[in-house]
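Dropping upload-v4.csv in here (CSV, C-alpha atoms):
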chain,number,residue,atom,x,y,z
Q,1,MET,CA,-38.2,-74.5,33.6
Q,2,GLU,CA,-37.5,-76.0,30.1
Q,3,TYR,CA,-37.3,-73.9,27.0
Q,4,LYS,CA,-37.2,-75.0,23.3
Q,5,ILE,CA,-34.8,-73.0,21.2
Q,6,ALA,CA,-34.5,-73.2,17.4
Q,7,LEU,CA,-31.0,-72.9,16.2
Q,8,LEU,CA,-30.3,-71.3,12.8
Q,9,LYS,CA,-26.5,-71.6,12.6
Q,10,GLY,CA,-26.3,-70.4,9.0
Q,11,ASP,CA,-23.1,-69.9,7.1
Q,12,GLY,CA,-19.5,-68.8,7.7
Q,13,ILE,CA,-18.7,-68.4,11.4
Q,14,GLY,CA,-22.4,-68.9,12.3
Q,15,PRO,CA,-22.0,-72.5,13.6
Q,16,GLU,CA,-19.0,-71.5,15.8
Q,17,ILE,CA,-20.6,-68.6,17.5
Q,18,VAL,CA,-24.0,-70.3,18.0
Q,19,GLU,CA,-22.2,-73.2,19.6
Q,20,SER,CA,-20.5,-70.7,22.0
Q,21,ALA,CA,-23.8,-69.1,22.9
Q,22,CYS,CA,-25.4,-72.5,23.6
Q,23,GLU,CA,-22.5,-73.4,26.0
Q,24,VAL,CA,-23.1,-70.2,27.9
Q,25,LEU,CA,-26.9,-70.8,28.0
Q,26,ASP,CA,-26.2,-74.3,29.3
Q,27,LYS,CA,-23.9,-72.9,32.0
Q,28,VAL,CA,-26.6,-70.4,33.0
Q,29,GLY,CA,-29.2,-73.2,33.0
Q,30,GLU,CA,-27.0,-75.2,35.5
Q,31,LYS,CA,-26.6,-72.2,37.8
Q,32,PHE,CA,-30.2,-71.1,37.9
Q,33,GLY,CA,-32.1,-74.4,37.3
Q,34,HIS,CA,-33.2,-74.2,33.7
Q,35,LYS,CA,-33.1,-76.6,30.8
Q,36,PHE,CA,-32.5,-75.4,27.3
Q,37,ASN,CA,-33.4,-77.8,24.5
Q,38,TYR,CA,-32.0,-77.1,21.0
Q,39,GLU,CA,-33.2,-78.1,17.5
Q,40,ALA,CA,-31.1,-77.0,14.5
Q,41,TYR,CA,-32.7,-76.0,11.2
Q,42,LEU,CA,-31.2,-74.9,7.9
Q,43,MET,CA,-31.3,-71.3,6.7
Q,44,GLY,CA,-29.3,-69.2,4.3
Q,45,GLY,CA,-26.5,-70.5,2.0
Q,46,CYS,CA,-26.4,-73.9,3.7
Q,47,ALA,CA,-30.1,-74.3,3.1
Q,48,ILE,CA,-29.7,-73.3,-0.6
Q,49,ASP,CA,-27.0,-76.0,-0.9
Q,50,ALA,CA,-29.1,-78.7,0.7
Q,51,THR,CA,-32.6,-77.8,-0.5
Q,52,GLY,CA,-32.3,-75.2,-3.3
Q,53,VAL,CA,-34.1,-72.5,-1.2
Q,54,PRO,CA,-32.7,-70.1,1.5
Q,55,LEU,CA,-35.7,-70.7,3.9
Q,56,PRO,CA,-37.2,-74.2,3.8
Q,57,ASP,CA,-40.8,-74.7,5.0
Q,58,GLU,CA,-39.4,-77.1,7.6
Q,59,THR,CA,-37.3,-74.3,9.1
Q,60,VAL,CA,-40.3,-71.9,9.3
Q,61,ALA,CA,-42.4,-74.6,11.0
Q,62,GLY,CA,-39.7,-75.5,13.4
Q,63,CYS,CA,-39.1,-71.9,14.5
Q,64,LYS,CA,-42.9,-71.4,15.0
Q,65,ALA,CA,-43.0,-74.4,17.2
Q,66,SER,CA,-40.1,-73.1,19.4
Q,67,ASP,CA,-40.1,-70.8,22.4
Q,68,SER,CA,-37.4,-68.7,20.7
Q,69,VAL,CA,-34.9,-68.6,17.8
Q,70,LEU,CA,-31.1,-68.1,17.9
Q,71,LEU,CA,-29.5,-67.1,14.6
Q,72,GLY,CA,-25.8,-67.1,13.7
Q,73,ALA,CA,-25.2,-65.4,10.3
Q,74,VAL,CA,-26.1,-66.1,6.7
Q,75,GLY,CA,-24.5,-65.3,3.3
Q,76,GLY,CA,-21.2,-65.3,1.6
Q,77,PRO,CA,-19.6,-64.8,-1.8
Q,78,LYS,CA,-20.4,-68.3,-2.8
Q,79,TRP,CA,-24.1,-67.3,-3.3
Q,80,ASP,CA,-23.6,-63.7,-4.5
Q,81,THR,CA,-24.4,-64.5,-8.1
Q,82,LEU,CA,-27.8,-66.0,-7.4
Q,83,PRO,CA,-31.0,-64.1,-8.3
Q,84,GLY,CA,-32.5,-62.0,-5.5
Q,85,HIS,CA,-35.2,-64.4,-4.5
Q,86,LEU,CA,-32.6,-67.1,-3.9
Q,87,ARG,CA,-30.0,-65.1,-2.0
Q,88,PRO,CA,-29.3,-66.2,1.5
Q,89,GLU,CA,-30.3,-62.7,2.8
Q,90,LYS,CA,-33.8,-63.3,1.5
Q,91,ALA,CA,-34.3,-65.8,4.3
Q,92,LEU,CA,-33.9,-63.1,6.9
Q,93,LEU,CA,-36.8,-61.1,5.5
Q,94,GLY,CA,-38.8,-64.3,5.1
Q,95,ILE,CA,-38.3,-65.6,8.7
Q,96,ARG,CA,-39.0,-62.2,10.2
Q,97,HIS,CA,-42.3,-62.0,8.2
Q,98,ALA,CA,-43.2,-65.6,9.1
Q,99,LEU,CA,-42.7,-65.0,12.8
Q,100,GLY,CA,-44.4,-61.6,12.8
Q,101,LEU,CA,-41.2,-59.9,14.0
Q,102,TYR,CA,-41.7,-56.2,13.5
Q,103,THR,CA,-39.4,-54.7,16.2
Q,104,ASN,CA,-35.6,-54.9,16.0
Q,105,ILE,CA,-33.7,-53.9,19.1
Q,106,ARG,CA,-30.0,-53.2,18.7
Q,107,PRO,CA,-28.1,-51.9,21.8
Q,108,ALA,CA,-24.9,-50.0,21.0
Q,109,LYS,CA,-22.9,-49.7,24.1
Q,110,LEU,CA,-19.3,-48.5,24.4
Q,111,TYR,CA,-17.5,-50.6,27.1
Q,112,SER,CA,-15.2,-48.5,29.2
Q,113,ALA,CA,-12.5,-51.2,28.8
Q,114,LEU,CA,-12.6,-50.7,25.0
Q,115,SER,CA,-12.9,-46.9,25.0
Q,116,ALA,CA,-9.5,-46.6,23.3
Q,117,GLU,CA,-10.8,-48.5,20.3
Q,118,CYS,CA,-13.6,-46.1,19.6
Q,119,PRO,CA,-12.7,-44.2,16.4
Q,120,LEU,CA,-14.1,-40.9,17.8
Q,121,ARG,CA,-12.2,-38.2,19.6
Q,122,ALA,CA,-11.4,-38.7,23.3
Q,123,ASP,CA,-13.5,-35.8,24.4
Q,124,ILE,CA,-16.5,-37.3,22.7
Q,125,VAL,CA,-15.8,-40.8,24.0
Q,126,GLU,CA,-15.5,-39.7,27.6
Q,127,LYS,CA,-19.2,-38.7,27.6
Q,128,GLY,CA,-20.1,-42.4,27.0
Q,129,VAL,CA,-22.3,-44.2,24.4
Q,130,ASP,CA,-25.3,-46.2,25.5
Q,131,ILE,CA,-27.9,-46.3,22.7
Q,132,VAL,CA,-30.8,-48.6,22.0
Q,133,MET,CA,-31.8,-48.5,18.3
Q,134,ILE,CA,-35.4,-49.6,17.6
Q,135,ARG,CA,-35.9,-50.4,14.0
Q,136,GLU,CA,-39.2,-51.2,12.3
Q,137,LEU,CA,-38.7,-54.6,10.5
Q,138,THR,CA,-41.7,-55.6,8.3
Q,139,GLY,CA,-42.8,-52.4,6.5
Q,140,GLY,CA,-41.3,-49.6,4.5
Q,141,ILE,CA,-39.3,-49.8,1.3
Q,142,TYR,CA,-38.0,-53.3,1.8
Q,143,PHE,CA,-41.5,-54.7,1.6
Q,144,GLY,CA,-43.2,-52.1,-0.7
Q,145,GLU,CA,-44.2,-52.5,-4.3
Q,146,ARG,CA,-41.2,-52.9,-6.6
Q,147,GLY,CA,-40.4,-53.7,-10.1
Q,148,ARG,CA,-38.9,-52.5,-13.4
Q,149,ARG,CA,-40.5,-50.5,-16.2
Q,150,ASP,CA,-39.9,-48.4,-19.2
Q,151,GLY,CA,-39.1,-44.8,-18.1
Q,152,GLN,CA,-38.5,-41.5,-19.8
Q,153,PHE,CA,-34.8,-42.3,-20.3
Q,154,GLY,CA,-35.1,-46.0,-20.8
Q,155,PRO,CA,-35.4,-49.0,-18.4
Q,156,GLU,CA,-35.7,-48.0,-14.8
Q,157,ALA,CA,-36.3,-49.8,-11.4
Q,158,TYR,CA,-38.5,-48.6,-8.5
Q,159,ASP,CA,-39.1,-49.5,-4.9
Q,160,THR,CA,-41.9,-48.0,-2.9
Q,161,GLU,CA,-41.9,-46.7,0.7
Q,162,ALA,CA,-45.2,-47.1,2.5
Q,163,TYR,CA,-46.3,-47.2,6.1
Q,164,SER,CA,-49.7,-47.5,7.8
Q,165,GLU,CA,-50.6,-45.7,11.0
Q,166,PHE,CA,-50.9,-49.2,12.6
Q,167,GLU,CA,-47.3,-50.1,11.7
Q,168,VAL,CA,-45.9,-46.8,13.0
Q,169,GLU,CA,-47.9,-46.9,16.2
Q,170,ARG,CA,-46.8,-50.3,17.3
Q,171,ILE,CA,-43.1,-49.6,16.7
Q,172,ALA,CA,-43.4,-46.3,18.4
Q,173,ARG,CA,-45.0,-47.9,21.5
Q,174,ALA,CA,-42.1,-50.4,21.5
Q,175,ALA,CA,-39.7,-47.5,21.7
Q,176,PHE,CA,-41.5,-45.6,24.4
Q,177,ASP,CA,-41.9,-48.8,26.5
Q,178,THR,CA,-38.2,-49.4,26.2
Q,179,ALA,CA,-37.4,-45.8,27.2
Q,180,MET,CA,-39.6,-46.1,30.3
Q,181,LYS,CA,-37.3,-48.9,31.5
Q,182,ARG,CA,-34.2,-46.7,31.2
Q,183,ASP,CA,-32.9,-43.9,33.3
Q,184,ARG,CA,-32.9,-41.1,30.8
Q,185,LYS,CA,-36.4,-41.8,29.4
Q,186,LYS,CA,-35.7,-40.2,26.0
Q,187,VAL,CA,-36.9,-41.2,22.5
Q,188,THR,CA,-35.4,-39.7,19.4
Q,189,SER,CA,-37.6,-40.4,16.3
Q,190,ILE,CA,-35.8,-40.4,13.0
Q,191,ASP,CA,-37.5,-39.5,9.8
Q,192,LYS,CA,-37.3,-37.5,6.6
Q,193,ALA,CA,-40.5,-35.4,7.1
Q,194,ASN,CA,-39.2,-32.5,5.1
Q,195,VAL,CA,-39.3,-34.6,1.9
Q,196,LEU,CA,-41.2,-37.8,2.3
Q,197,GLU,CA,-45.0,-38.1,2.9
Q,198,SER,CA,-44.5,-41.5,4.6
Q,199,SER,CA,-42.2,-39.7,7.1
Q,200,ARG,CA,-44.8,-37.0,7.7
Q,201,LEU,CA,-47.3,-39.7,8.7
Q,202,TRP,CA,-44.5,-41.3,10.8
Q,203,ARG,CA,-44.0,-38.1,12.7
Q,204,GLU,CA,-47.7,-37.5,13.3
Q,205,VAL,CA,-48.2,-40.9,14.7
Q,206,VAL,CA,-45.1,-40.8,16.9
Q,207,HIS,CA,-46.4,-37.5,18.4
Q,208,LYS,CA,-49.8,-39.1,19.1
Q,209,VAL,CA,-48.2,-42.0,20.9
Q,210,ALA,CA,-45.9,-39.7,22.9
Q,211,LYS,CA,-48.9,-38.2,24.6
Q,212,ASP,CA,-49.4,-41.5,26.3
Q,213,TYR,CA,-45.9,-41.4,27.8
Q,214,PRO,CA,-45.6,-38.0,29.5
Q,215,GLU,CA,-42.5,-39.1,31.4
Q,216,VAL,CA,-40.6,-39.6,28.2
Q,217,GLU,CA,-38.9,-36.8,26.3
Q,218,CYS,CA,-39.7,-37.1,22.6
Q,219,VAL,CA,-37.4,-35.5,20.0
Q,220,ASP,CA,-37.7,-35.5,16.2
Q,221,MET,CA,-34.6,-35.6,14.0
Q,222,LEU,CA,-34.1,-35.8,10.2
Q,223,VAL,CA,-32.2,-38.9,9.1
Q,224,ASP,CA,-29.3,-37.0,7.5
Q,225,ASN,CA,-28.8,-34.9,10.7
Q,226,ALA,CA,-29.0,-38.1,12.8
Q,227,ALA,CA,-26.2,-39.7,10.7
Q,228,MET,CA,-24.0,-36.7,11.5
Q,229,GLN,CA,-25.0,-36.4,15.2
Q,230,LEU,CA,-24.2,-40.1,15.8
Q,231,ILE,CA,-20.6,-39.2,15.1
Q,232,LYS,CA,-20.5,-35.6,16.5
Q,233,ASN,CA,-22.4,-36.2,19.8
Q,234,PRO,CA,-23.6,-39.9,20.3
Q,235,SER,CA,-24.1,-39.4,24.0
Q,236,GLN,CA,-27.2,-37.3,23.3
Q,237,PHE,CA,-29.1,-40.4,22.2
Q,238,ASP,CA,-30.9,-42.8,24.5
Q,239,VAL,CA,-33.6,-44.7,22.6
Q,240,VAL,CA,-33.8,-44.2,18.8
Q,241,VAL,CA,-36.8,-45.3,16.7
Q,242,THR,CA,-36.9,-45.3,13.0
Q,243,SER,CA,-38.1,-46.9,9.8
Q,244,ASN,CA,-36.8,-50.1,8.3
Q,245,MET,CA,-34.3,-48.7,5.8
Q,246,PHE,CA,-33.1,-45.7,8.0
Q,247,GLY,CA,-32.7,-48.1,10.9
Q,248,ASP,CA,-30.8,-50.6,8.8
Q,249,ILE,CA,-28.2,-47.9,8.0
Q,250,LEU,CA,-28.1,-46.0,11.3
Q,251,SER,CA,-27.8,-49.1,13.5
Q,252,ASP,CA,-24.7,-50.2,11.5
Q,253,GLU,CA,-23.3,-46.7,11.9
Q,254,SER,CA,-23.9,-46.8,15.7
Q,255,SER,CA,-22.2,-50.2,15.9
Q,256,GLN,CA,-18.9,-48.8,14.6
Q,257,ILE,CA,-18.6,-46.2,17.4
Q,258,THR,CA,-18.5,-49.0,20.0
Q,259,GLY,CA,-15.1,-50.2,18.8
Q,260,SER,CA,-16.2,-53.5,17.1
Q,261,ILE,CA,-19.2,-54.9,15.4
Q,262,GLY,CA,-18.3,-58.2,17.0
Q,263,LEU,CA,-19.7,-57.1,20.3
Q,264,LEU,CA,-23.2,-56.1,19.5
Q,265,PRO,CA,-26.3,-58.3,19.8
Q,266,SER,CA,-29.8,-57.8,18.5
Q,267,ALA,CA,-33.4,-58.9,19.2
Q,268,SER,CA,-36.3,-59.1,16.7
Q,269,LEU,CA,-39.6,-59.2,18.4
Q,270,GLY,CA,-43.3,-59.3,17.6
Q,271,ASP,CA,-46.5,-59.7,19.6
Q,272,SER,CA,-45.6,-63.1,21.0
Q,273,LYS,CA,-42.8,-64.1,23.3
Q,274,CYS,CA,-41.1,-66.0,20.5
Q,275,GLY,CA,-38.3,-63.7,19.2
Q,276,MET,CA,-35.3,-64.1,17.1
Q,277,TYR,CA,-31.9,-63.2,18.4
Q,278,GLU,CA,-28.7,-62.7,16.4
Q,279,PRO,CA,-25.4,-60.8,16.3
Q,280,ILE,CA,-25.4,-57.8,14.0
Q,281,HIS,CA,-22.2,-58.8,12.2
Q,282,GLY,CA,-22.1,-60.9,9.0
Q,283,SER,CA,-20.9,-64.5,8.3
Q,284,ALA,CA,-17.2,-63.5,7.9
Q,285,PRO,CA,-16.5,-66.5,5.6
Q,286,ASP,CA,-12.8,-65.5,5.4
Q,287,ILE,CA,-12.2,-66.5,9.0
Q,288,ALA,CA,-14.7,-69.4,9.2
Q,289,GLY,CA,-13.1,-72.4,10.8
Q,290,THR,CA,-9.9,-70.5,11.9
Q,291,GLY,CA,-11.0,-69.9,15.5
Q,292,LYS,CA,-10.8,-66.1,15.1
Q,293,ALA,CA,-14.5,-65.4,15.4
Q,294,ASN,CA,-15.6,-63.2,18.3
Q,295,PRO,CA,-18.5,-65.0,20.1
Q,296,ILE,CA,-19.5,-62.1,22.3
Q,297,ALA,CA,-22.2,-60.6,20.1
Q,298,THR,CA,-24.0,-63.9,19.9
Q,299,ILE,CA,-23.6,-64.6,23.6
Q,300,LEU,CA,-25.1,-61.2,24.4
Q,301,SER,CA,-27.9,-62.0,21.9
Q,302,ALA,CA,-28.6,-65.1,24.0
Q,303,ALA,CA,-28.7,-62.8,27.1
Q,304,MET,CA,-31.3,-60.7,25.3
Q,305,MET,CA,-33.3,-63.9,24.6
Q,306,LEU,CA,-33.4,-64.7,28.3
Q,307,ARG,CA,-34.6,-61.1,29.1
Q,308,TYR,CA,-37.2,-60.6,26.4
Q,309,SER,CA,-38.5,-64.1,25.5
Q,310,PHE,CA,-38.2,-65.9,28.8
Q,311,ASP,CA,-38.4,-63.0,31.4
Q,312,LEU,CA,-35.2,-64.2,33.0
Q,313,GLU,CA,-33.7,-60.8,33.9
Q,314,GLU,CA,-31.2,-62.1,36.6
Q,315,GLU,CA,-29.9,-64.7,34.2
Q,316,ALA,CA,-29.5,-62.1,31.4
Q,317,ARG,CA,-27.6,-59.8,33.7
Q,318,CYS,CA,-25.4,-62.7,34.8
Q,319,ILE,CA,-24.2,-63.2,31.2
Q,320,GLU,CA,-23.8,-59.5,30.6
Q,321,LYS,CA,-21.7,-59.1,33.8
Q,322,ALA,CA,-19.5,-62.0,32.8
Q,323,VAL,CA,-18.8,-60.3,29.4
Q,324,ASP,CA,-18.1,-57.0,31.2
Q,325,ASP,CA,-15.7,-58.7,33.6
Q,326,VAL,CA,-13.8,-60.6,30.9
Q,327,LEU,CA,-13.3,-57.4,28.9
Q,328,ALA,CA,-12.3,-55.4,32.0
Q,329,ALA,CA,-9.7,-58.1,32.8
Q,330,GLY,CA,-8.1,-57.4,29.4
Q,331,TRP,CA,-9.0,-60.6,27.5
Q,332,ARG,CA,-9.5,-59.9,23.8
Q,333,THR,CA,-10.3,-61.7,20.5
Q,334,ALA,CA,-8.3,-60.5,17.5
Q,335,ASP,CA,-11.0,-58.1,16.3
Q,336,ILE,CA,-10.9,-56.1,19.5
Q,337,LEU,CA,-7.2,-56.4,20.2
Q,338,GLY,CA,-6.6,-52.8,19.1
Q,339,THR,CA,-3.4,-51.4,20.7
Q,340,SER,CA,-3.4,-54.0,23.5
Q,341,ASP,CA,-0.4,-56.2,23.8
Q,342,ALA,CA,-2.5,-59.1,25.0
Q,343,THR,CA,-2.4,-62.4,23.1
Q,344,PRO,CA,-5.7,-62.7,21.2
Q,345,LEU,CA,-8.0,-65.5,22.3
Q,346,SER,CA,-9.7,-67.9,19.9
Q,347,CYS,CA,-13.5,-68.2,19.8
Q,348,LYS,CA,-13.4,-71.2,22.1
Q,349,GLU,CA,-11.0,-69.5,24.5
Q,350,MET,CA,-13.1,-66.4,24.8
Q,351,THR,CA,-16.1,-68.5,25.4
Q,352,ALA,CA,-14.2,-70.4,28.2
Q,353,LYS,CA,-13.3,-67.2,29.9
Q,354,ILE,CA,-16.9,-66.0,29.9
Q,355,LEU,CA,-18.0,-69.4,31.3
Q,356,GLU,CA,-15.5,-69.0,34.1
Q,357,GLN,CA,-17.2,-65.8,35.2
Q,358,ILE,CA,-20.7,-67.1,35.2
As structure tokens - that is how I would like this structure written.
Amino acid sequence: MEYKIALLKGDGIGPEIVESACEVLDKVGEKFGHKFNYEAYLMGGCAIDATGVPLPDETVAGCKASDSVLLGAVGGPKWDTLPGHLRPEKALLGIRHALGLYTNIRPAKLYSALSAECPLRADIVEKGVDIVMIRELTGGIYFGERGRRDGQFGPEAYDTEAYSEFEVERIARAAFDTAMKRDRKKVTSIDKANVLESSRLWREVVHKVAKDYPEVECVDMLVDNAAMQLIKNPSQFDVVVTSNMFGDILSDESSQITGSIGLLPSASLGDSKCGMYEPIHGSAPDIAGTGKANPIATILSAAMMLRYSFDLEEEARCIEKAVDDVLAAGWRTADILGTSDATPLSCKEMTAKILEQI
């Protein structure tokens, strides 16, 4: 089989980590008899420098014509003073909307080999952390009506949170479908139903969808309590589903209890098989070009691409096992070195170790 992948290398360490993921994909292709064809497009700060906009029309067209999209990272201080509609991060919202990607899947798994790097107490860590965060991507306050106006106390700004039943139902079904494929079969729905009308609708719709999945346990939790419980007792969570803004915050919180943000992948999916896959960390411009970048999150994002867009489960597990084996053997990049006395590997060296295990 041949697959066409659009590469959005982006800014900072983006090109380095995307190159590593492509090397791993090519190795898997050799082993299992697949061919991956790549086409690179501009997005983010590099696109602003070259074209004046963060998301050129050519990039959108190229992604739509591909079987899937692999993204590195965008942004950096170079572009921080630009107006909002020209910021590199604006491209992320734009490409998600253009591709109809409304479901963001972020696994947060604590590897046993890195348990000592978890900032939580040992008695909490020993219970394990294996969470899948399901975040709604194209609705809510990030896409609601916004503006500035004259208020009672002078100029004020506003952003509007709004969700339709349709938007809530499709993200809820994505969460319950995910739970059905996992051992615990539990969904925790995060909202702020004690205050927000949008959250009350969210809870009503989630309960309605839950009736179609009698095997799955469904639990409601207010977002402020959820933020606390992720630190106090993360092992209680299996699949977590929540709105765009709440998911943005909680998924980053969950990433920190795994020891390093450099290990965590993500998938953004819609109704078609064409998804977008990216590490959850930023562009880290301070280490770009130094070889210090950790490629694992992007490599694991490529594994998610094999699973969700191409239905290549065995190939995805091959990559994930290779990462497990490398970490278990004690190999580390600088960001996950912790208390280990190992010599930190460069981005290329870590990639080579993973390739050896495939």
Could the residues of range 61-95 of chain Q that have an atom at most 10 Å from range 99-107 of chain Q be listed as CSV, each with its closest atom pair and the distance in Å to one decimal, counting all atoms listed in the file and ordered by chain and ascending residue number?
residue,atom,partner,partner_atom,distance
Q:Ala61,CA,Q:Leu99,CA,9.8
Q:Cys63,CA,Q:Leu99,CA,8.0
Q:Lys64,CA,Q:Leu99,CA,6.8
Q:Val69,CA,Q:Leu99,CA,9.9
Q:Leu93,CA,Q:Leu101,CA,9.6
Q:Gly94,CA,Q:Leu99,CA,8.7
Q:Ile95,CA,Q:Leu99,CA,6.0
Discussion item. If we count all atoms listed in the file and set the cut-off at 8 Å, which residues sit around Lys292 in chain Q, ignoring sequence neighbours fewer than 2 positions away in its own chain? Please answer as a list in words.
Written reply: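 Those residues are Ile287, Ala288, Gly289, Thr290, Asn294, Thr333, Ala334, Leu345, Ser346 and Cys347 of chain Q.
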How about saving the chosen residues, C-alpha atoms kept, as a PDB file, in the frame of the given file?
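Result file follows (again12.pdb):
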ATOM      1  CA  ILE Q 287     -12.200 -66.500   9.000  1.00  0.00           C
ATOM      2  CA  ALA Q 288     -14.700 -69.400   9.200  1.00  0.00           C
ATOM      3  CA  GLY Q 289     -13.100 -72.400  10.800  1.00  0.00           C
ATOM      4  CA  THR Q 290      -9.900 -70.500  11.900  1.00  0.00           C
ATOM      5  CA  ASN Q 294     -15.600 -63.200  18.300  1.00  0.00           C
ATOM      6  CA  THR Q 333     -10.300 -61.700  20.500  1.00  0.00           C
ATOM      7  CA  ALA Q 334      -8.300 -60.500  17.500  1.00  0.00           C
ATOM      8  CA  LEU Q 345      -8.000 -65.500  22.300  1.00  0.00           C
ATOM      9  CA  SER Q 346      -9.700 -67.900  19.900  1.00  0.00           C
ATOM     10  CA  CYS Q 347     -13.500 -68.200  19.800  1.00  0.00           C
TER      11      CYS Q 347
END
Practice prompt. Grab the CA of Thr160 in chain Q to CA of Cys218 in chain Q distance for me, in Å with one decimal place.
Written response: 27.8 Å
Item to complete: Dump as a list in words all residues having an atom at most 8 Å from (-37.1, -75.6, 25.0), computed in the file's coordinates with only C-alpha atoms.
Response: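 Applying the cut-off with only C-alpha atoms, one gets Glu2, Tyr3, Lys4, Ile5, Lys35, Phe36, Asn37, Tyr38, Ser66 and Asp67 of chain Q.
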Per-residue nearest contacts range 265-311 of chain Q to range 316-332 of chain Q, cut-off 6 Å, using all atoms listed in the file, as CSV:
residue,atom,partner,partner_atom,distance
Q:Ala303,CA,Q:Ala316,CA,4.4
Q:Leu306,CA,Q:Ala316,CA,5.6
Q:Arg307,CA,Q:Ala316,CA,5.7
Worksheet item: Smallest atom-to-atom distance to Thr178 in chain Q: which of Q:Asn194, Q:Tyr213, Q:Phe153, Q:Gly144, using only C-alpha atoms?
Response: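 The answer is Q:Tyr213, which sits nearest to Thr178 in chain Q.
Taking all atoms listed in the file into account, those protein, DNA and RNA residues with any atom at most 7 Å away from (-33.7, -37.4, 9.0) amount to Q:Ile190, Q:Asp191, Q:Lys192, Q:Met221, Q:Leu222, Q:Val223, Q:Asp224, Q:Asn225, Q:Ala226.
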Item to complete: Take CA of Gly44 in chain Q and CA of Glu156 in chain Q and report the distance between them in Å, one decimal.
Response: 29.2 Å
